[in-house]
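As stored in input04.csv (CSV, C-alpha atoms and all ligand atoms):
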chain,number,residue,atom,x,y,z
A,1,HIS,CA,170.1,76.6,72.2
A,2,GLU,CA,170.4,80.0,73.6
A,3,ALA,CA,167.5,79.5,76.0
A,4,ASP,CA,169.2,76.4,77.1
A,5,ALA,CA,172.4,78.2,77.8
A,6,HIS,CA,170.5,80.7,80.0
A,7,ARG,CA,169.0,77.9,82.0
A,8,THR,CA,172.3,76.1,82.6
A,9,ASP,CA,174.9,78.9,82.6
A,10,LEU,CA,173.7,80.9,85.6
A,11,MET,CA,174.9,84.5,85.8
A,12,THR,CA,174.6,85.0,89.6
A,13,ILE,CA,175.2,88.4,91.0
A,14,THR,CA,178.5,87.3,92.6
A,15,ARG,CA,179.8,86.0,89.2
A,16,HIS,CA,178.7,89.2,87.5
A,17,VAL,CA,180.5,91.4,90.0
A,18,LEU,CA,183.6,89.3,89.8
A,19,ASN,CA,183.6,89.7,86.1
A,20,GLU,CA,183.0,93.4,86.3
A,21,GLN,CA,185.8,93.9,88.8
A,22,SER,CA,188.3,91.9,86.9
A,23,ARG,CA,189.6,95.2,85.4
A,24,ASN,CA,190.3,96.3,88.9
A,25,PRO,CA,192.0,93.2,90.4
A,26,GLU,CA,193.2,95.0,93.5
A,27,SER,CA,189.8,95.5,95.0
A,28,ARG,CA,188.0,92.6,93.3
A,29,GLY,CA,187.9,90.3,96.3
A,30,ASP,CA,187.0,93.0,98.8
A,31,PHE,CA,184.2,94.4,96.8
A,32,THR,CA,182.7,91.0,96.1
A,33,ILE,CA,182.8,90.1,99.8
A,34,LEU,CA,181.2,93.4,100.8
A,35,LEU,CA,178.5,92.9,98.2
A,36,SER,CA,177.8,89.3,99.3
A,37,HIS,CA,177.1,90.6,102.8
A,38,ILE,CA,174.7,93.2,101.4
A,39,VAL,CA,173.0,90.5,99.4
A,40,LEU,CA,172.7,88.4,102.5
A,41,GLY,CA,170.9,91.2,104.2
A,42,CYS,CA,168.5,91.6,101.3
A,43,LYS,CA,167.7,87.9,101.3
A,44,PHE,CA,167.0,88.0,105.0
A,45,VAL,CA,164.6,91.0,104.5
A,46,ALA,CA,163.0,89.3,101.5
A,47,SER,CA,162.2,86.3,103.6
A,48,ALA,CA,161.0,88.3,106.6
A,49,VAL,CA,158.8,90.5,104.4
A,50,ASN,CA,157.2,87.5,102.8
A,51,LYS,CA,156.4,86.0,106.2
A,52,ALA,CA,155.2,89.3,107.7
A,53,GLY,CA,151.5,89.1,106.7
A,54,LEU,CA,151.3,85.5,107.8
A,55,ALA,CA,153.2,86.0,111.0
A,56,LYS,CA,150.7,88.7,112.1
A,57,LEU,CA,147.8,86.6,111.3
A,58,ILE,CA,148.8,83.4,113.0
A,59,GLY,CA,151.5,84.8,115.4
A,60,LEU,CA,154.3,82.9,113.6
A,61,ALA,CA,157.2,84.7,115.2
A,62,GLY,CA,155.2,85.8,118.2
A,63,GLU,CA,156.3,82.7,120.1
A,64,THR,CA,159.0,84.8,121.8
A,65,ASN,CA,157.8,84.4,125.4
A,66,GLY,CA,155.5,87.4,125.4
A,67,GLU,CA,158.3,89.7,124.2
A,68,GLU,CA,156.9,92.0,121.6
A,69,GLN,CA,157.9,91.1,118.1
A,70,LYS,CA,160.5,93.4,116.7
A,71,LYS,CA,159.3,95.8,114.0
A,72,LEU,CA,160.5,94.7,110.6
A,73,ASP,CA,162.5,97.9,109.9
A,74,VAL,CA,164.3,97.6,113.2
A,75,LEU,CA,165.0,94.0,112.6
A,76,SER,CA,166.3,94.6,109.0
A,77,ASN,CA,168.6,97.4,110.3
A,78,GLU,CA,170.1,95.0,112.8
A,79,VAL,CA,170.7,92.4,110.2
A,80,PHE,CA,172.4,94.8,107.8
A,81,ILE,CA,174.6,96.4,110.5
A,82,LYS,CA,175.8,93.0,111.7
A,83,ALA,CA,176.3,91.7,108.2
A,84,LEU,CA,178.3,94.8,107.1
A,85,VAL,CA,180.4,94.9,110.2
A,86,SER,CA,181.2,91.1,110.1
A,87,SER,CA,182.2,91.4,106.4
A,88,GLY,CA,185.4,93.0,107.7
A,89,ARG,CA,185.3,95.4,104.7
A,90,THR,CA,183.5,98.4,106.2
A,91,CYS,CA,184.6,101.3,108.4
A,92,VAL,CA,181.6,103.8,108.6
A,93,LEU,CA,178.0,102.9,108.3
A,94,VAL,CA,175.1,105.3,108.0
A,95,SER,CA,171.6,103.9,108.4
A,96,GLU,CA,168.3,105.7,108.2
A,97,GLU,CA,167.3,103.9,111.4
A,98,ASP,CA,170.3,105.1,113.5
A,99,GLU,CA,170.7,108.7,114.5
A,100,GLU,CA,174.5,108.4,114.7
A,101,ALA,CA,176.9,106.8,112.2
A,102,THR,CA,178.4,103.5,113.2
A,103,PHE,CA,182.2,103.4,113.3
A,104,VAL,CA,183.4,99.9,112.9
A,105,ASP,CA,185.9,98.5,115.5
A,106,PRO,CA,189.4,99.0,114.1
A,107,LYS,CA,190.1,95.2,114.3
A,108,LEU,CA,187.2,94.6,111.8
A,109,ARG,CA,187.8,97.7,109.7
A,110,GLY,CA,187.9,97.7,105.9
A,111,LYS,CA,188.0,100.4,103.3
A,112,TYR,CA,184.3,100.9,102.4
A,113,CYS,CA,181.6,103.2,103.8
A,114,VAL,CA,178.0,102.1,103.3
A,115,CYS,CA,175.0,104.4,103.6
A,116,PHE,CA,171.7,102.6,103.6
A,117,ASP,CA,168.0,102.6,104.3
A,118,PRO,CA,167.4,99.0,105.4
A,119,LEU,CA,163.6,99.1,104.8
A,120,ASP,CA,162.3,102.1,102.9
A,121,GLY,CA,158.6,102.7,102.5
A,122,SER,CA,157.8,100.9,105.7
A,123,SER,CA,154.4,102.5,106.0
A,124,ASN,CA,153.5,100.1,103.1
A,125,ILE,CA,154.4,96.8,105.0
A,126,ASP,CA,151.0,96.2,106.6
A,127,CYS,CA,149.1,96.3,103.3
A,128,GLY,CA,151.6,94.2,101.3
A,129,VAL,CA,152.8,96.9,99.0
A,130,SER,CA,156.3,96.8,97.6
A,131,ILE,CA,159.1,98.1,99.8
A,132,GLY,CA,162.9,98.1,99.5
A,133,THR,CA,166.4,98.5,100.7
A,134,ILE,CA,168.6,101.3,99.2
A,135,PHE,CA,172.4,101.5,99.5
A,136,GLY,CA,175.3,103.6,98.4
A,137,ILE,CA,179.0,102.7,98.8
A,138,TYR,CA,182.0,105.0,99.2
A,139,MET,CA,185.7,104.3,99.7
A,140,ILE,CA,187.5,105.9,102.7
A,141,LYS,CA,190.4,108.2,102.2
A,142,ASP,CA,192.7,107.1,105.1
A,143,LYS,CA,192.0,103.9,106.9
A,144,ASP,CA,193.9,105.0,110.0
A,145,ASN,CA,192.0,108.2,110.3
A,146,VAL,CA,188.3,107.5,109.7
A,147,THR,CA,185.9,110.5,110.2
A,148,LEU,CA,182.4,111.5,109.3
A,149,GLU,CA,183.9,113.4,106.3
A,150,ASP,CA,184.3,110.0,104.7
A,151,VAL,CA,180.5,109.8,104.2
A,152,LEU,CA,179.9,113.6,103.8
A,153,GLN,CA,181.0,113.4,100.2
A,154,PRO,CA,179.2,114.4,97.0
A,155,GLY,CA,177.3,111.5,95.4
A,156,LYS,CA,179.5,111.5,92.4
A,157,ASN,CA,182.3,110.0,94.6
A,158,MET,CA,180.2,106.9,95.2
A,159,LEU,CA,181.8,103.7,93.9
A,160,ALA,CA,178.6,101.7,93.7
A,161,ALA,CA,174.9,102.0,94.5
A,162,GLY,CA,171.8,99.9,94.4
A,163,TYR,CA,168.5,98.9,95.7
A,164,CYS,CA,166.5,95.7,96.4
A,165,MET,CA,162.8,95.7,95.9
A,166,TYR,CA,160.6,93.3,97.8
A,167,GLY,CA,157.6,93.0,95.6
A,168,SER,CA,155.8,90.3,93.6
A,169,SER,CA,159.4,89.2,93.0
A,170,CYS,CA,162.6,90.3,94.7
A,171,THR,CA,164.8,92.3,92.4
A,172,LEU,CA,168.2,93.8,93.1
A,173,VAL,CA,169.4,96.6,90.9
A,174,LEU,CA,173.1,97.5,91.0
A,175,SER,CA,175.7,99.7,89.5
A,176,SER,CA,179.3,99.9,90.2
A,177,GLY,CA,180.0,102.6,87.7
A,178,ASN,CA,179.7,100.5,84.6
A,179,GLY,CA,176.0,100.6,83.7
A,180,VAL,CA,173.1,99.2,85.6
A,181,ASN,CA,172.1,95.6,86.0
A,182,GLY,CA,169.1,93.9,87.5
A,183,PHE,CA,169.0,90.5,89.3
A,184,THR,CA,166.0,88.6,90.4
A,185,LEU,CA,166.1,86.3,93.4
A,186,ASP,CA,165.4,82.7,92.4
A,187,PRO,CA,163.9,81.4,95.7
A,188,SER,CA,164.6,77.8,94.9
A,189,LEU,CA,168.4,78.6,94.5
A,190,GLY,CA,168.6,81.4,97.0
A,191,GLU,CA,170.6,83.2,94.3
A,192,PHE,CA,170.1,86.5,92.5
A,193,ILE,CA,170.3,85.8,88.8
A,194,LEU,CA,170.9,88.4,86.1
A,195,THR,CA,167.6,89.1,84.5
A,196,HIS,CA,167.9,92.7,83.4
A,197,PRO,CA,171.3,93.3,81.8
A,198,ASP,CA,172.4,96.8,81.0
A,199,ILE,CA,169.3,98.7,81.9
A,200,LYS,CA,168.8,102.0,80.0
A,201,ILE,CA,166.0,104.4,80.9
A,202,PRO,CA,163.9,105.6,77.9
A,203,LYS,CA,165.0,109.1,76.8
A,204,LYS,CA,161.6,110.4,77.4
A,205,GLY,CA,158.7,108.9,79.4
A,206,LYS,CA,154.9,108.9,79.6
A,207,ILE,CA,154.6,108.8,83.4
A,208,TYR,CA,155.1,111.2,86.2
A,209,SER,CA,155.2,110.1,89.8
A,210,VAL,CA,154.6,112.5,92.7
A,211,ASN,CA,152.6,113.0,95.9
A,212,GLU,CA,150.1,115.4,94.4
A,213,GLY,CA,148.4,115.9,97.8
A,214,ASN,CA,151.2,118.4,98.5
A,215,ALA,CA,150.5,120.5,95.4
A,216,ARG,CA,149.2,123.6,97.2
A,217,ASN,CA,152.6,124.1,98.9
A,218,TRP,CA,154.7,123.5,95.7
A,219,ASP,CA,157.0,126.1,94.2
A,220,VAL,CA,156.3,127.5,90.7
A,221,PRO,CA,158.5,125.3,88.6
A,222,THR,CA,157.1,122.1,90.1
A,223,GLU,CA,153.6,123.4,89.7
A,224,THR,CA,154.2,124.4,86.1
A,225,PHE,CA,155.9,121.0,85.3
A,226,VAL,CA,153.0,119.0,86.7
A,227,GLU,CA,150.5,121.2,84.9
A,228,LYS,CA,152.3,120.5,81.7
A,229,CYS,CA,152.2,116.8,82.4
A,230,LYS,CA,148.4,117.0,82.6
A,231,TYR,CA,147.7,119.7,80.0
A,232,PRO,CA,150.6,119.6,77.5
A,233,LYS,CA,150.5,122.6,75.2
A,234,ASP,CA,152.6,121.1,72.4
A,235,GLY,CA,149.9,118.7,71.1
A,236,SER,CA,151.4,115.7,72.8
A,237,SER,CA,149.2,113.4,75.0
A,238,PRO,CA,149.1,113.9,78.7
A,239,LYS,CA,151.3,111.8,80.9
A,240,SER,CA,149.9,109.1,83.2
A,241,LEU,CA,150.3,109.5,87.0
A,242,ARG,CA,151.6,106.6,89.0
A,243,TYR,CA,152.5,106.9,92.7
A,244,ILE,CA,153.1,104.0,95.0
A,245,GLY,CA,154.6,106.0,97.9
A,246,SER,CA,157.5,103.6,98.1
A,247,MET,CA,160.6,105.1,96.6
A,248,VAL,CA,162.2,101.9,95.5
A,249,ALA,CA,159.1,100.8,93.6
A,250,ASP,CA,158.4,104.2,92.1
A,251,VAL,CA,162.0,104.6,91.0
A,252,HIS,CA,162.2,101.0,89.7
A,253,ARG,CA,159.2,101.6,87.5
A,254,THR,CA,160.7,104.9,86.3
A,255,LEU,CA,163.9,103.2,85.4
A,256,LEU,CA,162.2,100.5,83.4
A,257,TYR,CA,159.4,102.4,81.8
A,258,GLY,CA,160.8,105.9,81.7
A,259,GLY,CA,159.3,109.2,83.0
A,260,VAL,CA,160.0,111.2,86.2
A,261,PHE,CA,159.8,110.7,89.9
A,262,LEU,CA,159.8,113.8,92.0
A,263,TYR,CA,159.8,114.7,95.6
A,264,PRO,CA,160.0,118.4,95.4
A,265,ALA,CA,160.4,121.1,98.1
A,266,ASP,CA,157.3,122.6,99.5
A,267,GLU,CA,156.5,125.5,101.7
A,268,LYS,CA,156.5,123.4,104.8
A,269,ASN,CA,159.5,121.3,103.8
A,270,PRO,CA,162.0,123.4,101.9
A,271,ASN,CA,164.3,120.4,101.5
A,272,GLY,CA,161.6,118.0,100.5
A,273,LYS,CA,161.4,114.7,102.4
A,274,LEU,CA,163.9,112.3,101.0
A,275,ARG,CA,167.4,111.8,102.5
A,276,VAL,CA,170.5,112.6,100.6
A,277,LEU,CA,172.9,109.9,101.6
A,278,TYR,CA,170.7,106.8,101.3
A,279,GLU,CA,167.8,107.8,99.1
A,280,VAL,CA,168.7,110.7,96.8
A,281,PHE,CA,172.3,109.7,96.0
A,282,PRO,CA,172.0,106.0,95.3
A,283,MET,CA,168.9,106.6,93.1
A,284,SER,CA,170.6,109.5,91.3
A,285,TYR,CA,173.7,107.4,90.7
A,286,LEU,CA,171.6,104.6,89.1
A,287,MET,CA,169.6,107.0,87.0
A,288,GLU,CA,172.8,108.6,85.5
A,289,GLN,CA,174.3,105.2,85.0
A,290,ALA,CA,171.2,104.2,83.1
A,291,GLY,CA,171.3,107.3,80.9
A,292,GLY,CA,168.9,109.5,82.8
A,293,GLN,CA,169.4,112.5,85.0
A,294,SER,CA,168.8,113.7,88.5
A,295,PHE,CA,168.4,117.3,89.7
A,296,THR,CA,167.7,118.9,93.0
A,297,GLY,CA,166.0,122.1,91.7
A,298,LYS,CA,169.4,123.8,92.0
A,299,GLU,CA,172.1,121.5,90.7
A,300,ARG,CA,173.0,118.0,89.5
A,301,ALA,CA,172.0,115.9,92.5
A,302,LEU,CA,175.3,114.0,92.6
A,303,ASP,CA,177.2,117.4,92.9
A,304,LEU,CA,175.5,118.1,96.2
A,305,VAL,CA,177.8,118.0,99.3
A,306,PRO,CA,175.9,117.0,102.4
A,307,THR,CA,176.8,118.6,105.7
A,308,LYS,CA,174.8,116.2,107.9
A,309,ILE,CA,174.3,112.5,107.6
A,310,HIS,CA,170.5,112.7,107.6
A,311,GLU,CA,170.2,115.7,105.4
A,312,ARG,CA,167.3,116.0,103.0
A,313,SER,CA,167.0,117.3,99.5
A,314,PRO,CA,164.3,117.9,96.9
A,315,ILE,CA,164.7,115.5,94.0
A,316,PHE,CA,163.6,115.2,90.3
A,317,LEU,CA,164.9,112.1,88.6
A,318,GLY,CA,164.3,110.0,85.6
A,319,SER,CA,164.3,110.2,81.8
A,320,TYR,CA,166.9,112.6,80.3
A,321,ASP,CA,164.5,114.7,78.3
A,322,ASP,CA,161.9,115.0,81.1
A,323,VAL,CA,164.4,116.1,83.7
A,324,GLU,CA,165.8,118.6,81.1
A,325,GLU,CA,162.4,120.2,81.0
A,326,ILE,CA,162.3,120.6,84.8
A,327,LYS,CA,165.8,122.1,84.7
A,328,ALA,CA,164.6,124.6,82.1
A,329,LEU,CA,161.7,125.6,84.3
A,330,TYR,CA,164.0,126.3,87.3
A,331,ALA,CA,166.4,128.2,85.1
A,332,GLU,CA,163.5,130.4,83.8
A,333,GLN,CA,162.5,131.2,87.4
A,334,ALA,CA,166.1,132.1,88.5
B,1,LIG,P1,160.2,106.3,105.1
B,1,LIG,O1,161.7,106.4,105.1
B,1,LIG,O2,159.6,106.9,106.3
B,1,LIG,O3,159.6,105.0,104.7
B,1,LIG,O4,159.7,107.4,103.9
B,1,LIG,C1,160.3,107.3,102.7
B,1,LIG,C2,159.2,107.2,101.7
B,1,LIG,C3,159.7,106.9,100.3
B,1,LIG,O5,159.8,105.6,100.0
B,1,LIG,C4,158.6,107.5,99.4
B,1,LIG,O6,159.1,108.0,98.2
B,1,LIG,C5,158.1,108.7,100.3
B,1,LIG,O7,158.5,108.4,101.6
B,1,LIG,C6,156.6,108.9,100.2
B,1,LIG,O8,156.3,110.0,101.0
B,1,LIG,P2,154.8,110.6,101.0
B,1,LIG,O9,154.0,109.6,101.7
B,1,LIG,O10,155.0,111.9,101.7
B,1,LIG,O11,154.4,110.8,99.6
B,2,MG,MG,163.3,105.9,103.9
How does the structure come out when it is put into structure tokens?
Amino acid sequence: HEADAHRTDLMTITRHVLNEQSRNPESRGDFTILLSHIVLGCKFVASAVNKAGLAKLIGLAGETNGEEQKKLDVLSNEVFIKALVSSGRTCVLVSEEDEEATFVDPKLRGKYCVCFDPLDGSSNIDCGVSIGTIFGIYMIKDKDNVTLEDVLQPGKNMLAAGYCMYGSSCTLVLSSGNGVNGFTLDPSLGEFILTHPDIKIPKKGKIYSVNEGNARNWDVPTETFVEKCKYPKDGSSPKSLRYIGSMVADVHRTLLYGGVFLYPADEKNPNGKLRVLYEVFPMSYLMEQAGGQSFTGKERALDLVPTKIHERSPIFLGSYDDVEEIKALYAEQA
């Protein structure tokens, strides 16, 4: 009977968000509309990514009168910007693809700010490895006086965050401050259906995920931690190493199976590689909402106050106990 109910009583992402926001009737409609525009962008990218390999091979979309085919990341960015602006619910947009923030025309302005990476891990497209979209949502302070300060806020002020992974299936993971839920795109319906309700990350994990090729430039705490993963001194088994090189996929696995994902500082890149507003913050928000932690090497990641929209930060996130260990190593060094 229960299985039957699942098949006929479809919990779509829209229905889920409407339910969740019912405690907050004032913004219920607006947030749902905003999200449905983000979802539209994700569906577009999912479809474009699925066709990408084939298009290259047989020149599917190449029928554009000699005009060179737009790169998938550029195309995805355009789709997201247009969808977000036309939602009528946004005022400032920050995209990894655009050097400057987009200020929405006052006539179309709404109260949300969205920071996003439309297609992260794009070096993985040509070999068919999972890639993703990452987004974080803030609320503006004063609709008549919109400034960059509205997005240069600590991550803990975010209202919602999520990512969509374009992999063997298309999965959207979302939190609006009340736990984390995962939805899978049913291509025959064109709808995201709740498949991973109330995701909690295991308290401790058996996997670490890092680009170990950078090891010779790491700081001491990072080096010590990774050494402990491989040669634990407390009699426990070594951790496994998994690294896809696509943040959404690496973080998704970390969220479901536990463990840590790290992109530390190194001698050449004192702030690491990943961007605060649309990589570090949304993923940190999801980790905390799922019971894990996120740390920059100095502080709780969500306490960081960015001063530039494309600022970078080192990041250590994942299972509570594993991040606790990393925090202890940094405290020892200080
Ligand atoms: P991108 O924005 O240029 O795609 O780079 C971001 C990606 C992340 O998805 C991933 O975690 C990281 O870069 C991998 O970097 P590296 O190849 O240095 O390990
Ligand atoms: Mg990126």
Between A:Ser284, A:Asn124, A:Thr254, A:Asn217, which residue has the minimum interatomic distance to ligand LIG 1 (chain B), considering all atoms listed in the file? A:Asn124
Output the neighbourhood of ligand LIG 1 (chain B) as a PyMOL selection string, that is, all protein and nucleic acid residues with some atom at most 9 Å from the ligand, counting all atoms listed in the file. chain A and resi 96-97+117+119-124+131-132+210-214+243-251+261-263+273-275+279
A:Asn24, A:Thr133, A:Ser87, A:Thr8: which is nearest ligand MG 2 (chain B), counting only C-alpha atoms and all ligand atoms? A:Thr133
From the list A:Asp322, A:Asp30, A:Glu78, A:Asp98, which residue is nearest ligand MG 2 (chain B) when using only C-alpha atoms and all ligand atoms?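 Comparing A:Asp322, A:Asp30, A:Glu78, A:Asp98 against ligand MG 2 (chain B), the winner is A:Asp98.
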From the options A:Asn19, A:Thr195, A:Thr296, A:Ser76, which residue's atoms come nearest to Asn181 (chain A), counting all atoms listed in the file?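 Once distances to Asn181 (chain A) are computed over all atoms listed in the file, the minimum belongs to A:Thr195.
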Contact residues around Met139 (chain A) with all atoms listed in the file at 6 Å, ignoring same-chain residues under 3 positions, as a PDB file with C-alpha atoms, in the coordinates of the input:
ATOM      1  CA  LYS A 111     188.000 100.400 103.300  1.00  0.00           C
ATOM      2  CA  TYR A 112     184.300 100.900 102.400  1.00  0.00           C
ATOM      3  CA  CYS A 113     181.600 103.200 103.800  1.00  0.00           C
TER       4      CYS A 113
END
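Checking A:Ala331, A:Leu277, A:Leu75, A:Ile137 one by one against ligand MG 2 (chain B), counting only C-alpha atoms and all ligand atoms, you find the shortest gap at A:Leu277.
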Rank nothing, just name the residue among A:Cys115, A:Cys229, A:Ile125, A:Val220 nearest to Ile309 (chain A), using all atoms listed in the file.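 Distance minimum relative to Ile309 (chain A) lands on A:Cys115.
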Just give me the gap between CA of Val180 (chain A) and CA of Ile199 (chain A) in Å, one decimal is fine. 5.3 Å
What is the distance, in Å and to one decimal place, between CA of Lys206 (chain A) and CA of Ser237 (chain A)?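 Interatomic distance, CA of Lys206 (chain A) to CA of Ser237 (chain A): 8.6 Å.
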Distance query Leu194 (chain A) at most 8 Å, all atoms listed in the file, self and fewer than 3 positions along chain excluded, as a list of chain:residue names: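 Close residues of Leu194 (chain A): A:Met11, A:Thr12, A:Ile13, A:His16, A:Asn181, A:Gly182, A:Phe183, A:Thr184, A:Pro197.
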Residue neighbourhood Met283 (chain A), 9 Å, all atoms listed in the file, exclusion window fewer than 6 positions, as a tab-separated table (two decimals) with C-alpha atoms, in the frame of the given file:
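Dumped to out.tsv:
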chain	number	residue	atom	x	y	z
A	134	ILE	CA	168.60	101.30	99.20
A	135	PHE	CA	172.40	101.50	99.50
A	136	GLY	CA	175.30	103.60	98.40
A	161	ALA	CA	174.90	102.00	94.50
A	162	GLY	CA	171.80	99.90	94.40
A	163	TYR	CA	168.50	98.90	95.70
A	248	VAL	CA	162.20	101.90	95.50
A	251	VAL	CA	162.00	104.60	91.00
A	294	SER	CA	168.80	113.70	88.50
A	317	LEU	CA	164.90	112.10	88.60
